[in-house]
Structure formats: structure tokens, C-alpha cells
file protein-v4.txt (compact mmCIF, C-alpha atoms)
# COMPACT_ATOMS: atom_id res chain seq x y z
CA MET T 1 -35.37 13.23 20.57
CA ILE T 2 -35.39 12.29 16.91
CA LYS T 3 -32.56 10.54 15.14
CA ILE T 4 -32.18 11.12 11.42
CA ALA T 5 -29.62 9.15 9.41
CA VAL T 6 -28.20 10.62 6.22
CA ALA T 7 -27.25 7.75 3.95
CA SER T 8 -26.78 6.69 0.33
CA GLY T 9 -25.90 3.51 -1.44
CA LYS T 10 -23.37 5.19 -3.66
CA GLY T 11 -20.28 6.82 -2.21
CA GLY T 12 -19.59 10.48 -2.99
CA THR T 13 -23.19 11.55 -3.51
CA GLY T 14 -23.13 14.15 -0.74
CA LYS T 15 -24.04 12.46 2.55
CA THR T 16 -21.52 14.39 4.60
CA PHE T 17 -22.36 17.55 2.66
CA VAL T 18 -26.02 17.24 3.62
CA ALA T 19 -25.36 16.05 7.20
CA THR T 20 -22.90 18.84 8.04
CA ASN T 21 -25.09 21.54 6.53
CA ILE T 22 -28.17 20.34 8.40
CA PHE T 23 -26.15 20.23 11.62
CA HIS T 24 -24.87 23.75 11.07
CA ALA T 25 -28.35 25.07 10.36
CA LEU T 26 -29.68 23.38 13.52
CA LEU T 27 -26.93 24.81 15.74
CA LYS T 28 -27.46 28.26 14.31
CA ASN T 29 -31.13 27.88 15.13
CA ASN T 30 -30.17 27.16 18.78
CA CYS T 31 -31.30 23.58 18.60
CA MET T 32 -29.73 20.97 20.90
CA ALA T 33 -28.30 19.00 18.01
CA MET T 34 -25.71 16.29 17.80
CA LEU T 35 -23.86 15.07 14.72
CA VAL T 36 -22.54 11.51 14.75
CA ASP T 37 -20.04 10.66 12.05
CA CYS T 38 -20.62 6.93 11.60
CA ASP T 39 -18.49 6.70 8.46
CA ALA T 40 -15.81 5.07 10.61
CA GLU T 41 -13.62 4.06 7.68
CA ALA T 42 -13.14 7.68 6.59
CA PRO T 43 -14.71 10.12 9.05
CA ASN T 44 -14.36 13.75 8.00
CA ALA T 45 -17.39 15.65 9.31
CA VAL T 46 -15.29 17.22 12.09
CA ALA T 47 -13.20 19.02 9.48
CA PHE T 48 -16.11 21.36 8.69
CA PHE T 49 -16.43 22.78 12.22
CA LYS T 50 -14.30 24.65 14.69
CA THR T 51 -14.13 22.05 17.41
CA ARG T 52 -12.26 21.06 20.52
CA GLU T 53 -11.73 17.44 21.50
CA LEU T 54 -13.44 16.73 24.82
CA ASP T 55 -13.06 13.02 25.13
CA SER T 56 -11.75 9.98 23.30
CA ILE T 57 -12.47 6.41 24.22
CA GLU T 58 -10.92 3.28 22.85
CA VAL T 59 -13.16 0.56 21.42
CA THR T 60 -11.82 -2.94 21.94
CA GLN T 61 -12.77 -6.51 21.22
CA LEU T 62 -11.74 -9.63 23.09
CA VAL T 63 -9.74 -12.23 21.19
CA PRO T 64 -8.62 -15.61 22.51
CA VAL T 65 -5.10 -16.34 23.69
CA ILE T 66 -4.23 -20.03 23.70
CA ASN T 67 -1.89 -21.44 26.30
CA THR T 68 -0.24 -24.26 24.34
CA SER T 69 1.10 -25.95 27.48
CA LEU T 70 -2.47 -26.56 28.67
CA CYS T 71 -3.93 -27.22 25.20
CA THR T 72 -4.61 -30.87 24.37
CA PHE T 73 -5.26 -30.10 20.69
CA CYS T 74 -8.71 -31.67 20.99
CA GLY T 75 -10.04 -29.25 18.35
CA LYS T 76 -13.22 -28.32 20.23
CA CYS T 77 -12.50 -24.57 20.00
CA HIS T 78 -11.94 -24.83 16.26
CA GLU T 79 -15.20 -26.72 15.93
CA TYR T 80 -17.11 -24.05 17.90
CA CYS T 81 -15.65 -21.16 15.89
CA ASN T 82 -18.03 -20.03 13.19
CA TYR T 83 -15.43 -17.81 11.52
CA ASN T 84 -12.47 -20.15 10.98
CA ALA T 85 -10.42 -17.96 13.32
CA ILE T 86 -8.70 -20.87 15.02
CA PHE T 87 -6.11 -22.73 13.01
CA ILE T 88 -5.24 -26.17 14.35
CA LEU T 89 -3.04 -29.05 13.20
CA PRO T 90 -3.21 -31.63 16.00
CA PRO T 91 -0.53 -34.06 14.71
CA ALA T 92 1.98 -31.20 14.45
CA LYS T 93 0.79 -29.69 17.76
CA ILE T 94 0.17 -26.36 16.05
CA ILE T 95 -2.64 -24.05 17.12
CA SER T 96 -2.99 -20.35 16.42
CA VAL T 97 -5.59 -17.60 16.44
CA ILE T 98 -6.19 -15.55 13.31
CA GLU T 99 -7.21 -12.34 15.03
CA ASP T 100 -8.48 -10.71 11.82
CA LEU T 101 -11.17 -13.37 11.52
CA CYS T 102 -12.22 -13.32 15.19
CA HIS T 103 -15.58 -11.70 15.97
CA GLY T 104 -15.00 -11.82 19.72
CA CYS T 105 -18.01 -14.06 20.40
CA GLY T 106 -16.21 -16.07 23.11
CA ALA T 107 -17.48 -19.47 21.90
CA CYS T 108 -13.94 -20.90 21.95
CA SER T 109 -13.54 -20.06 25.65
CA VAL T 110 -16.78 -21.88 26.37
CA ALA T 111 -15.67 -24.84 24.26
CA CYS T 112 -12.31 -25.33 26.02
CA ARG T 113 -12.49 -27.81 28.91
CA PHE T 114 -8.80 -27.46 29.77
CA ASP T 115 -8.63 -23.76 30.70
CA ALA T 116 -6.20 -23.23 27.85
CA ILE T 117 -8.02 -20.15 26.51
CA THR T 118 -7.93 -16.71 28.06
CA GLU T 119 -8.97 -13.49 26.35
CA LYS T 120 -7.18 -10.23 25.68
CA PRO T 121 -8.54 -6.96 24.38
CA VAL T 122 -7.39 -5.68 21.00
CA SER T 123 -8.04 -2.14 19.81
CA LEU T 124 -10.57 -1.65 16.99
CA GLY T 125 -10.71 2.13 16.95
CA ARG T 126 -11.90 5.13 18.91
CA VAL T 127 -14.98 7.23 19.50
CA ASN T 128 -14.02 10.87 19.79
CA THR T 129 -16.26 13.53 21.29
CA TYR T 130 -15.88 17.10 20.10
CA SER T 131 -17.47 20.26 21.30
CA ASN T 132 -18.81 23.15 19.34
CA ASN T 133 -19.27 26.22 21.56
CA GLY T 134 -18.37 24.24 24.68
CA LYS T 135 -21.16 21.68 24.45
CA PRO T 136 -20.42 18.10 23.38
CA SER T 137 -22.08 18.03 20.01
CA LEU T 138 -20.01 15.98 17.61
CA LEU T 139 -19.21 12.29 17.87
CA GLU T 140 -16.77 10.62 15.56
CA ALA T 141 -16.39 6.87 15.06
CA ARG T 142 -12.91 6.15 13.75
CA MET T 143 -11.73 2.61 13.17
CA ASN T 144 -8.09 1.57 13.10
CA VAL T 145 -6.46 0.91 9.75
CA GLY T 146 -6.52 -2.82 9.03
CA VAL T 147 -9.51 -3.67 11.25
CA MET T 148 -11.97 -5.85 9.34
CA SER T 149 -15.29 -4.27 10.33
CA PRO T 150 -16.28 -0.76 11.43
CA VAL T 151 -19.47 -2.04 13.10
CA PRO T 152 -18.24 -2.24 16.75
CA VAL T 153 -16.92 1.33 16.58
CA ILE T 154 -20.18 2.57 15.03
CA LYS T 155 -22.22 0.83 17.75
CA GLU T 156 -20.12 2.47 20.46
CA ALA T 157 -20.52 5.91 18.88
CA VAL T 158 -24.29 5.48 18.83
CA LYS T 159 -24.19 4.48 22.51
CA GLN T 160 -22.40 7.74 23.34
CA ILE T 161 -25.23 9.94 22.02
CA ASP T 162 -26.19 12.60 24.56
CA GLY T 163 -29.72 11.78 25.77
CA ARG T 164 -30.51 15.48 26.09
CA SER T 165 -30.15 16.08 22.35
CA GLU T 166 -33.28 17.16 20.53
CA ILE T 167 -32.11 16.19 17.08
CA VAL T 168 -29.38 13.71 16.23
CA ILE T 169 -27.96 13.55 12.71
CA LEU T 170 -26.17 10.33 11.83
CA ASP T 171 -23.76 10.55 8.92
CA SER T 172 -23.89 7.00 7.56
CA PRO T 173 -21.16 5.04 5.81
CA PRO T 174 -21.79 4.38 2.09
CA GLY T 175 -23.11 1.10 0.77
CA THR T 176 -25.97 -1.08 1.99
CA SER T 177 -24.07 -3.65 4.05
CA CYS T 178 -23.55 -4.05 7.82
CA PRO T 179 -21.99 -0.60 8.55
CA PHE T 180 -24.95 1.12 6.84
CA ILE T 181 -27.52 -1.14 8.50
CA HIS T 182 -26.10 -0.62 12.00
CA THR T 183 -26.23 3.14 11.47
CA VAL T 184 -29.76 3.39 10.08
CA ALA T 185 -31.12 0.77 12.52
CA THR T 186 -30.83 3.31 15.31
CA ALA T 187 -32.52 6.09 13.31
CA ASP T 188 -36.20 7.10 13.28
CA TYR T 189 -35.95 8.33 9.70
CA VAL T 190 -33.45 8.04 6.86
CA ILE T 191 -32.61 10.77 4.36
CA LEU T 192 -31.14 9.13 1.27
CA VAL T 193 -28.89 11.35 -0.80
CA THR T 194 -28.54 10.41 -4.43
CA GLU T 195 -27.52 11.88 -7.74
CA PRO T 196 -29.65 11.72 -10.89
CA THR T 197 -27.44 9.26 -12.76
CA PRO T 198 -27.82 5.55 -13.55
CA PHE T 199 -25.20 4.79 -10.85
CA GLY T 200 -27.06 6.90 -8.34
CA LEU T 201 -30.38 5.24 -9.19
CA SER T 202 -28.99 1.71 -9.03
CA ASP T 203 -27.56 2.25 -5.56
CA LEU T 204 -30.58 4.24 -4.38
CA ARG T 205 -32.78 1.32 -5.32
CA GLN T 206 -30.65 -1.04 -3.21
CA SER T 207 -30.80 1.35 -0.26
CA VAL T 208 -34.59 1.67 -0.52
CA GLU T 209 -35.01 -2.13 -0.71
CA THR T 210 -32.81 -2.59 2.36
CA LEU T 211 -34.69 0.06 4.34
CA LYS T 212 -38.01 -1.56 3.40
CA LYS T 213 -36.81 -4.84 4.88
CA ILE T 214 -35.97 -3.21 8.21
CA ASP T 215 -39.07 -1.03 8.09
CA LYS T 216 -37.44 2.41 8.14
CA PRO T 217 -39.20 5.40 6.62
CA CYS T 218 -37.12 7.38 4.14
CA GLY T 219 -37.13 10.35 1.82
CA VAL T 220 -34.71 11.39 -0.89
CA ILE T 221 -32.53 14.43 -1.53
CA ILE T 222 -31.32 14.65 -5.11
CA ASN T 223 -27.89 16.22 -5.16
CA ARG T 224 -26.25 17.62 -8.29
CA ALA T 225 -29.68 18.07 -9.88
CA GLY T 226 -29.34 18.91 -13.56
CA LEU T 227 -26.84 16.16 -14.21
CA GLY T 228 -27.77 12.86 -15.80
CA ASN T 229 -31.40 11.98 -16.51
CA ASN T 230 -34.90 11.70 -15.03
CA GLY T 231 -34.53 8.08 -13.93
CA VAL T 232 -34.39 8.87 -10.21
CA GLN T 233 -37.51 11.08 -10.31
CA GLU T 234 -39.45 8.46 -12.25
CA TYR T 235 -38.40 5.82 -9.73
CA LEU T 236 -39.46 7.99 -6.77
CA THR T 237 -42.87 8.65 -8.31
CA ARG T 238 -43.36 4.97 -9.09
CA GLU T 239 -42.42 3.90 -5.56
CA ALA T 240 -44.21 6.83 -3.89
CA ILE T 241 -41.07 7.89 -2.05
CA PRO T 242 -41.03 11.57 -1.04
CA GLN T 243 -38.49 13.78 -2.74
CA LEU T 244 -37.35 16.15 0.00
CA LEU T 245 -35.10 18.50 -1.92
CA GLU T 246 -33.09 19.08 -5.06
CA ILE T 247 -29.63 20.57 -4.67
CA PRO T 248 -28.47 22.04 -7.99
CA PHE T 249 -25.25 20.96 -9.66
CA LYS T 250 -23.20 24.11 -9.14
CA LYS T 251 -19.49 24.72 -9.25
CA GLU T 252 -19.71 27.20 -6.36
CA ILE T 253 -21.02 24.48 -4.04
CA ALA T 254 -18.17 22.15 -4.93
CA GLU T 255 -15.66 24.96 -4.43
CA LEU T 256 -16.96 25.82 -0.97
CA TYR T 257 -17.03 22.17 0.06
CA SER T 258 -13.50 21.59 -1.17
CA VAL T 259 -12.13 24.24 1.20
CA GLY T 260 -14.12 22.94 4.14
CA LYS T 261 -16.84 25.63 4.09
CA LEU T 262 -20.54 25.06 4.63
CA VAL T 263 -23.01 26.36 2.06
CA ALA T 264 -25.66 26.84 4.77
CA GLU T 265 -23.34 29.36 6.44
CA THR T 266 -23.72 31.87 3.62
CA ASP T 267 -26.83 30.65 1.84
CA GLU T 268 -29.75 31.49 4.15
CA PHE T 269 -32.29 30.04 1.76
CA PHE T 270 -30.53 26.67 1.67
CA ALA T 271 -30.29 26.64 5.49
CA LYS T 272 -34.03 27.34 5.72
CA GLN T 273 -34.82 24.56 3.26
CA LEU T 274 -32.85 22.08 5.36
CA LEU T 275 -34.51 23.24 8.59
CA ALA T 276 -37.92 22.87 7.00
CA ILE T 277 -37.14 19.28 5.98
CA VAL T 278 -35.92 18.39 9.48
CA GLY T 279 -38.94 20.13 11.01
CA THR T 280 -41.38 18.13 8.89
CA ILE T 281 -39.60 14.86 9.65
CA ALA T 282 -39.45 15.64 13.37
CA SER T 283 -43.14 16.46 13.65
CA GLU T 284 -44.07 13.23 11.92
CA TYR T 285 -41.55 10.75 13.30
CA ARG T 286 -40.37 12.04 16.69
CA ASN T 287 -40.78 9.14 19.09
CA SER T 288 -40.36 10.81 22.47
CA MET X 1 7.20 -34.40 -1.75
CA LYS X 2 3.46 -33.85 -1.78
CA VAL X 3 2.13 -30.92 -3.76
CA ALA X 4 -1.38 -29.46 -3.57
CA ILE X 5 -2.81 -28.04 -6.80
CA THR X 6 -6.08 -26.13 -6.77
CA SER X 7 -8.40 -27.63 -9.36
CA THR X 8 -11.74 -26.71 -10.92
CA GLY X 9 -12.75 -30.40 -11.15
CA ASN X 10 -11.76 -33.89 -10.09
CA THR X 11 -10.07 -35.14 -13.25
CA LEU X 12 -6.61 -34.69 -14.74
CA GLU X 13 -8.21 -32.70 -17.57
CA SER X 14 -9.64 -30.16 -15.10
CA LYS X 15 -8.14 -26.70 -15.21
CA LEU X 16 -6.16 -25.00 -12.47
CA ASP X 17 -8.54 -23.18 -10.09
CA GLN X 18 -7.42 -19.57 -9.82
CA ARG X 19 -8.49 -19.22 -6.18
CA PHE X 20 -6.80 -20.97 -3.30
CA GLY X 21 -9.20 -20.88 -0.33
CA ARG X 22 -12.38 -21.27 -2.36
CA CYS X 23 -11.21 -23.63 -5.10
CA ALA X 24 -13.49 -26.53 -6.10
CA PHE X 25 -10.99 -29.35 -5.48
CA PHE X 26 -7.50 -29.85 -4.14
CA THR X 27 -5.35 -32.24 -6.13
CA VAL X 28 -2.69 -33.74 -3.86
CA TYR X 29 0.11 -35.20 -5.93
CA ASP X 30 3.09 -37.09 -4.53
CA THR X 31 6.16 -36.46 -6.72
CA GLU X 32 7.91 -39.60 -5.40
CA THR X 33 5.16 -42.25 -5.42
CA LYS X 34 3.21 -40.49 -8.23
CA GLY X 35 0.12 -41.02 -6.05
CA LEU X 36 -2.82 -38.75 -6.79
CA GLU X 37 -5.85 -37.71 -4.76
CA PHE X 38 -8.70 -35.28 -5.45
CA ILE X 39 -10.22 -33.74 -2.33
CA PRO X 40 -13.46 -31.72 -2.63
CA ASN X 41 -12.96 -28.40 -0.85
CA PRO X 42 -15.43 -28.11 2.06
CA ASN X 43 -14.49 -24.44 2.48
CA LYS X 44 -15.65 -23.41 -0.98
CA ASP X 45 -18.73 -21.52 0.24
CA VAL X 46 -17.92 -20.66 3.88
CA GLN X 47 -18.67 -17.07 4.86
CA GLU X 48 -15.28 -16.24 6.29
CA GLY X 49 -11.85 -17.73 6.71
CA ALA X 50 -11.80 -20.02 3.68
CA GLY X 51 -8.05 -19.47 3.30
CA PRO X 52 -6.88 -20.57 6.77
CA ALA X 53 -9.35 -23.47 6.79
CA SER X 54 -8.00 -24.65 3.44
CA VAL X 55 -4.42 -24.36 4.70
CA GLN X 56 -5.45 -26.58 7.59
CA LEU X 57 -6.86 -29.11 5.14
CA VAL X 58 -3.84 -29.33 2.86
CA ALA X 59 -1.31 -29.05 5.71
CA SER X 60 -2.93 -32.07 7.36
CA ARG X 61 -2.02 -33.96 4.16
CA ASN X 62 1.64 -32.93 4.72
CA VAL X 63 2.09 -31.02 1.49
CA GLY X 64 5.29 -29.04 0.98
CA LYS X 65 4.07 -26.86 -1.90
CA ILE X 66 0.79 -25.37 -3.04
CA ILE X 67 0.15 -24.32 -6.62
CA SER X 68 -2.70 -21.87 -7.27
CA GLY X 69 -3.53 -18.72 -9.19
CA GLU X 70 -3.88 -16.50 -6.16
CA PHE X 71 -3.36 -16.59 -2.39
CA GLY X 72 -5.07 -14.34 0.14
CA ILE X 73 -3.22 -12.20 2.63
CA LYS X 74 -4.24 -14.02 5.84
CA ILE X 75 -2.58 -17.28 4.95
CA LYS X 76 0.94 -16.06 4.17
CA PRO X 77 2.15 -16.10 7.83
CA LEU X 78 0.53 -19.52 8.34
CA LEU X 79 2.25 -21.04 5.33
CA ASP X 80 5.56 -19.42 6.33
CA SER X 81 5.39 -20.95 9.79
CA LEU X 82 4.48 -24.33 8.33
CA LYS X 83 7.28 -24.00 5.76
CA ILE X 84 4.86 -24.63 2.90
CA GLN X 85 5.85 -22.95 -0.33
CA MET X 86 3.27 -20.95 -2.33
CA ILE X 87 3.60 -21.15 -6.08
CA VAL X 88 1.56 -18.63 -8.04
CA LEU X 89 0.70 -19.84 -11.52
CA LYS X 90 -1.22 -17.28 -13.54
CA GLU X 91 -2.20 -19.75 -16.25
CA PRO X 92 -5.93 -20.52 -15.91
CA GLU X 93 -5.89 -22.64 -19.06
CA LYS X 94 -3.36 -25.17 -17.72
CA SER X 95 -4.80 -28.58 -16.86
CA ILE X 96 -3.83 -30.57 -13.77
CA GLN X 97 -2.07 -33.08 -16.03
CA GLU X 98 0.04 -30.34 -17.60
CA ILE X 99 1.00 -29.00 -14.17
CA ILE X 100 1.97 -32.49 -12.98
CA ASN X 101 4.12 -32.84 -16.12
CA MET X 102 5.83 -29.56 -15.22
CA LEU X 103 6.52 -30.91 -11.70
CA ASN X 104 8.07 -34.07 -13.12
CA LYS X 105 10.38 -32.29 -15.53
call {"tool": "encode", "arguments": {"input": "protein-v4.txt", "output": "C-alpha cells"}}
result
Amino acid sequence: MIKIAVASGKGGTGKTFVATNIFHALLKNNCMAMLVDCDAEAPNAVAFFKTRELDSIEVTQLVPVINTSLCTFCGKCHEYCNYNAIFILPPAKIISVIEDLCHGCGACSVACRFDAITEKPVSLGRVNTYSNNGKPSLLEARMNVGVMSPVPVIKEAVKQIDGRSEIVILDSPPGTSCPFIHTVATADYVILVTEPTPFGLSDLRQSVETLKKIDKPCGVIINRAGLGNNGVQEYLTREAIPQLLEIPFKKEIAELYSVGKLVAETDEFFAKQLLAIVGTIASEYRNS
Amino acid sequence: MKVAITSTGNTLESKLDQRFGRCAFFTVYDTETKGLEFIPNPNKDVQEGAGPASVQLVASRNVGKIISGEFGIKIKPLLDSLKIQMIVLKEPEKSIQEIINMLNK
């Protein structure tokens, strides 16, 4: 199996565009492929395929429930909490849990010597499994509106990956913070999608720096080539980062994408280019 | 009644701090005794939950009102249950002295 994450610092550069087209090309080539939509805040990869939902599991987190009749207002739980999720005013005998701040670490339960804290699960989101031609091939992490972090839902989606898959494509959330890191951390290789603009370059640079720190190999696809300037190319040459592909800035591509169609479905050459990239990555970085 | 005012410094000439949870100092002013106290905010640089932790701090001083430029969303239910009034003052140039004068009017 090889896991390839498709990521970018900047939003809207074409991560999902690249991930869905690669996935389509792989399926068409009879490869045991799986696409995992890790963009849990706004997953939309499923929209590009004719799918059937096979399974859906809820992702929960434990939060403390404080029994105020047993609580002595000693403040130990508040002291143990690293996230300020327990609000306590001992003189007024007020104690409450701010669930939005709770990370579910359980330290407060350990801290309480009066059995005043129990835990209850709260829903964070779901991991949905979809099939394409009967086989489970698409996983979607979808967090609930209002939940503070998509990370637990992303971690669960990654756990659900079918071990029989030959190639797994992870569609990463934008940015370079925790959701991105938890997605790429599981990958063997990262394809960074960027656009040749100062914005694209600035965020690409941040992504590359982050990947260097966690020791992940990466290559770059320049989307909307022809726009902007040569800054990205110059940066890639300077840093000796492989440029995997240039996707031209074309109205037809945007039109197809906007109606939920895949370019690789009609453009054989594009599909072949994507397969060649995946093939090269797989031969070099496949770990098992 | 005691009033908490978020302050950028610990003098009467200091300006109103526009942020509640991560302000530099809390000025606690008693409108009856005219007593005044500047408390450095220990939650200024915490990673998460500065708002609720700051509510805990000022509520333990029994304030009835808080004056600041902005309040975050997590503390509204807390302040409601504690019956502490939030006063939003979008005037970053006002000094603590000027705000106290407004309270005494």
C-alpha cells in the first residue's frame, strides 16, 4: 500500500480537483484505490462520483459531567485542566464545564477524589463510507457544525482505511495547522498543489517548511499555470523540489469542475499524466 | 458596585484594552468606596480558554459589570448565569480615568 496526501497551504488551489481526478484515473485503471476526504470542515469529494453509502459511524469525545452534590469545590479538576474547560467559583459554589474547550483528555476525572466527575460522549462528526461499483472506496470525514477541531474525525477516517487498498489518496484540509498535519502524517508522500501567484507561493513555502519538519517527501503540481508569475518555479528550483505537473489555466476545466465532472474522464492525456505521477511516486516510496 | 475595566496598563492614564480575555490588566473599580485595584491578567497568553478563565478571575472579585471593547462567544452564557453585565465600549482611545468619570456621572 502507498498513501499519498494531496495538500496545499492555500485554499482553493485545486486539492480536491487533483485528488478526485487521480482517484478516477486509478479506478479506471482497475487499481484497488481508496479516496479519503479529510477536509472534514467542508468535504465534497463524494459529489464527483456516483456512490452509494455503505456505512456511517459517529465519532465522539468524552466530556466531564460534574455531580454538584458530590463536588466539594476543591478546584483540583480546574487545576489539572490544561484548556480552561472547567469554570469554578468556590465561594459561590458554581462549577461548570465548557464543552467547547474540552479536549477529552480525562485529567479532571483523575484529579477528582470525590467521585463527582463522570464522563459522557458528545458527537464530533461522522465518518461515512461510500462505494463505487460495490466496493468500499470512498471515506468521508465530516465534522459537526460548531465543533472546535476536525482532528478527531480525520483520525477516525484514517483508521477506517481498507488494508487491502493498493493506493490511498488523502484529500487534505487547507492550511498548515493541526488538520493538515494529522492528514499528511499518515501519508508516505505529499503532493502539494499550488498556483503560480504570490499567495500561492507564500502558502506553498509554509507547507514545504512544515513537511520538512515532519520529514515527509513532497512534490508540487502547479495548477492554473499561465497565471501570475515565475515565483513558484524559481522557488522549486532553488529548493530542489520536484515539479510533478503543470495544469493549464483553462476555462473549460473550471466549467467541468463547476458541474461536478472530472477532466480525467474525457481527457485521456491528463488521466495518463496523473497515473504516471502516481506510478513514479509508488515505485519510489511504497513501504509495503 | 464593583466594575471591571480591561486596561492596557496599570495606571489611570492607560487606555481601555479592546480584548476581554487577553487584556493586559483588569482595573476593578468600586463605585461606592471609589476603591481601585489593578490586577495583571494571568490569562493573557494562555493557549485556550482565556475568556472563561478571565471571567473566573473577575467574578471572584464580585464585579457586577465588565467594560471592554470585545467579548468572545464562550463567555456570554457564563456571564448571564452569574448576572454580570457586559458593556461594550468601542473607544480604544479612552483612558481608565475617563471611563471611571463616565461611571461616576
call {"tool": "closest_atom_pairs", "arguments": {"input": "protein-v4.txt", "of": "chain X", "to": "chain T", "cutoff": "9 Å", "atoms": "only C-alpha atoms", "output": "tab-separated table"}}
result
residue	atom	partner	partner_atom	distance
X:Val46	CA	T:Tyr83	CA	8.5
X:Gln47	CA	T:Tyr83	CA	7.4
X:Glu48	CA	T:Tyr83	CA	5.5
X:Gly49	CA	T:Asn84	CA	4.9
X:Ala50	CA	T:Asn84	CA	7.3
X:Gly51	CA	T:Asn84	CA	8.9
X:Pro52	CA	T:Phe87	CA	6.6
X:Ala53	CA	T:Asn84	CA	6.2
X:Val55	CA	T:Phe87	CA	8.6
X:Gln56	CA	T:Leu89	CA	6.6
X:Leu57	CA	T:Leu89	CA	8.9
X:Ala59	CA	T:Leu89	CA	7.7
X:Ser60	CA	T:Leu89	CA	6.6
X:Lys74	CA	T:Ile98	CA	7.9
X:Leu78	CA	T:Phe87	CA	8.7
call {"tool": "closest_residue", "arguments": {"input": "protein-v4.txt", "among": "X:Gly64, X:Pro77, X:Gly72, X:Pro92", "to": "Ala4 in chain X", "atoms": "all atoms listed in the file"}}
result
X:Gly64
call {"tool": "atom_distance", "arguments": {"input": "protein-v4.txt", "atom1": "CA of Gly69 in chain X", "atom2": "CA of Ile39 in chain X"}}
result
17.8 Å
call {"tool": "atom_distance", "arguments": {"input": "protein-v4.txt", "atom1": "CA of Val65 in chain T", "atom2": "CA of Val97 in chain T"}}
result
7.4 Å
call {"tool": "closest_residue", "arguments": {"input": "protein-v4.txt", "among": "T:Leu201, T:Ala42, T:Met34, T:Leu274", "to": "Met143 in chain T", "atoms": "all atoms listed in the file"}}
result
T:Ala42
call {"tool": "residues_near_point", "arguments": {"input": "protein-v4.txt", "point": "(11.1, -39.0, -7.9)", "cutoff": "12 Å", "atoms": "only C-alpha atoms", "output": "list in words"}}
result
Met1, Lys2, Tyr29, Asp30, Thr31, Glu32, Thr33, Lys34, Gly35, Leu103, Asn104 and Lys105 of chain X
call {"tool": "residues_near_point", "arguments": {"input": "protein-v4.txt", "point": "(-19.3, -27.9, -1.3)", "cutoff": "10 Å", "atoms": "only C-alpha atoms", "output": "list in words"}}
result
Arg22, Cys23, Ala24, Phe25, Pro40, Asn41, Pro42, Asn43, Lys44, Asp45 and Val46 of chain X
call {"tool": "residues_around", "arguments": {"input": "protein-v4.txt", "residues": "Val127 in chain T", "least_positions_apart": "4", "cutoff": "9 Å", "atoms": "only C-alpha atoms", "output": "ChimeraX atom specification"}}
result
/T:55-59,139-143,153-154,156-157,160
call {"tool": "write_last_selection", "arguments": {"input": "protein-v4.txt", "atoms": "C-alpha atoms", "output": "PDB file, keeping the file's coordinate frame"}}
result
ATOM      1  CA  ASP T  55     -13.060  13.020  25.130  1.00  0.00           C
ATOM      2  CA  SER T  56     -11.750   9.980  23.300  1.00  0.00           C
ATOM      3  CA  ILE T  57     -12.470   6.410  24.220  1.00  0.00           C
ATOM      4  CA  GLU T  58     -10.920   3.280  22.850  1.00  0.00           C
ATOM      5  CA  VAL T  59     -13.160   0.560  21.420  1.00  0.00           C
ATOM      6  CA  LEU T 139     -19.210  12.290  17.870  1.00  0.00           C
ATOM      7  CA  GLU T 140     -16.770  10.620  15.560  1.00  0.00           C
ATOM      8  CA  ALA T 141     -16.390   6.870  15.060  1.00  0.00           C
ATOM      9  CA  ARG T 142     -12.910   6.150  13.750  1.00  0.00           C
ATOM     10  CA  MET T 143     -11.730   2.610  13.170  1.00  0.00           C
ATOM     11  CA  VAL T 153     -16.920   1.330  16.580  1.00  0.00           C
ATOM     12  CA  ILE T 154     -20.180   2.570  15.030  1.00  0.00           C
ATOM     13  CA  GLU T 156     -20.120   2.470  20.460  1.00  0.00           C
ATOM     14  CA  ALA T 157     -20.520   5.910  18.880  1.00  0.00           C
ATOM     15  CA  GLN T 160     -22.400   7.740  23.340  1.00  0.00           C
TER      16      GLN T 160
END
call {"tool": "residues_around", "arguments": {"input": "protein-v4.txt", "residues": "Leu54 in chain T", "least_positions_apart": "2", "cutoff": "7 Å", "atoms": "all atoms listed in the file", "output": "JSON list (two decimals) with C-alpha atoms, keeping the file's coordinate frame"}}
result
[["chain", "number", "residue", "atom", "x", "y", "z"],
["T", 52, "ARG", "CA", -12.26, 21.06, 20.52],
["T", 129, "THR", "CA", -16.26, 13.53, 21.29],
["T", 130, "TYR", "CA", -15.88, 17.10, 20.10],
["T", 131, "SER", "CA", -17.47, 20.26, 21.30]]
call {"tool": "atom_distance", "arguments": {"input": "protein-v4.txt", "atom1": "CA of Cys77 in chain T", "atom2": "CA of Val3 in chain X"}}
result
28.6 Å
call {"tool": "residues_around", "arguments": {"input": "protein-v4.txt", "residues": "Ala185 in chain T", "least_positions_apart": "3", "cutoff": "8 Å", "atoms": "only C-alpha atoms", "output": "compact mmCIF listing (two decimals) with C-alpha atoms, in the coordinates of the input"}}
result
# COMPACT_ATOMS: atom_id res chain seq x y z
CA ILE T 181 -27.52 -1.14 8.50
CA HIS T 182 -26.10 -0.62 12.00
CA ILE T 214 -35.97 -3.21 8.21
CA LYS T 216 -37.44 2.41 8.14
call {"tool": "closest_residue", "arguments": {"input": "protein-v4.txt", "among": "T:Thr16, T:Gln233, T:Val184, T:Gly219", "to": "Gly200 in chain T", "atoms": "all atoms listed in the file"}}
result
T:Gln233
call {"tool": "closest_residue", "arguments": {"input": "protein-v4.txt", "among": "T:Leu192, T:Met32, T:Ile167, T:Val220", "to": "Asn133 in chain T", "atoms": "only C-alpha atoms"}}
result
T:Met32
call {"tool": "residues_around", "arguments": {"input": "protein-v4.txt", "residues": "Glu91 in chain X", "least_positions_apart": "4", "cutoff": "12 Å", "atoms": "all atoms listed in the file", "output": "list in words"}}
result
Lys15, Leu16, Asp17, Gln18, Arg19, Ile67, Ser68, Gly69, Glu70, Ile87, Ser95, Ile96, Glu98 and Ile99 of chain X
call {"tool": "write_last_selection", "arguments": {"input": "protein-v4.txt", "atoms": "C-alpha atoms", "output": "short mmCIF file (atom, residue, chain, number, x, y, z; two decimals), in the coordinates of the input"}}
result
data_model
loop_
_atom_site.label_atom_id
_atom_site.label_comp_id
_atom_site.auth_asym_id
_atom_site.auth_seq_id
_atom_site.Cartn_x
_atom_site.Cartn_y
_atom_site.Cartn_z
CA LYS X 15 -8.14 -26.70 -15.21
CA LEU X 16 -6.16 -25.00 -12.47
CA ASP X 17 -8.54 -23.18 -10.09
CA GLN X 18 -7.42 -19.57 -9.82
CA ARG X 19 -8.49 -19.22 -6.18
CA ILE X 67 0.15 -24.32 -6.62
CA SER X 68 -2.70 -21.87 -7.27
CA GLY X 69 -3.53 -18.72 -9.19
CA GLU X 70 -3.88 -16.50 -6.16
CA ILE X 87 3.60 -21.15 -6.08
CA SER X 95 -4.80 -28.58 -16.86
CA ILE X 96 -3.83 -30.57 -13.77
CA GLU X 98 0.04 -30.34 -17.60
CA ILE X 99 1.00 -29.00 -14.17
#
call {"tool": "residues_around", "arguments": {"input": "protein-v4.txt", "residues": "Gly228 in chain T", "least_positions_apart": "5", "cutoff": "9 Å", "atoms": "all atoms listed in the file", "output": "number ranges by chain"}}
result
T: 195-198
call {"tool": "closest_residue", "arguments": {"input": "protein-v4.txt", "among": "T:Leu62, T:Ala45, T:Leu170, T:Cys178", "to": "Ile117 in chain T", "atoms": "only C-alpha atoms"}}
result
T:Leu62
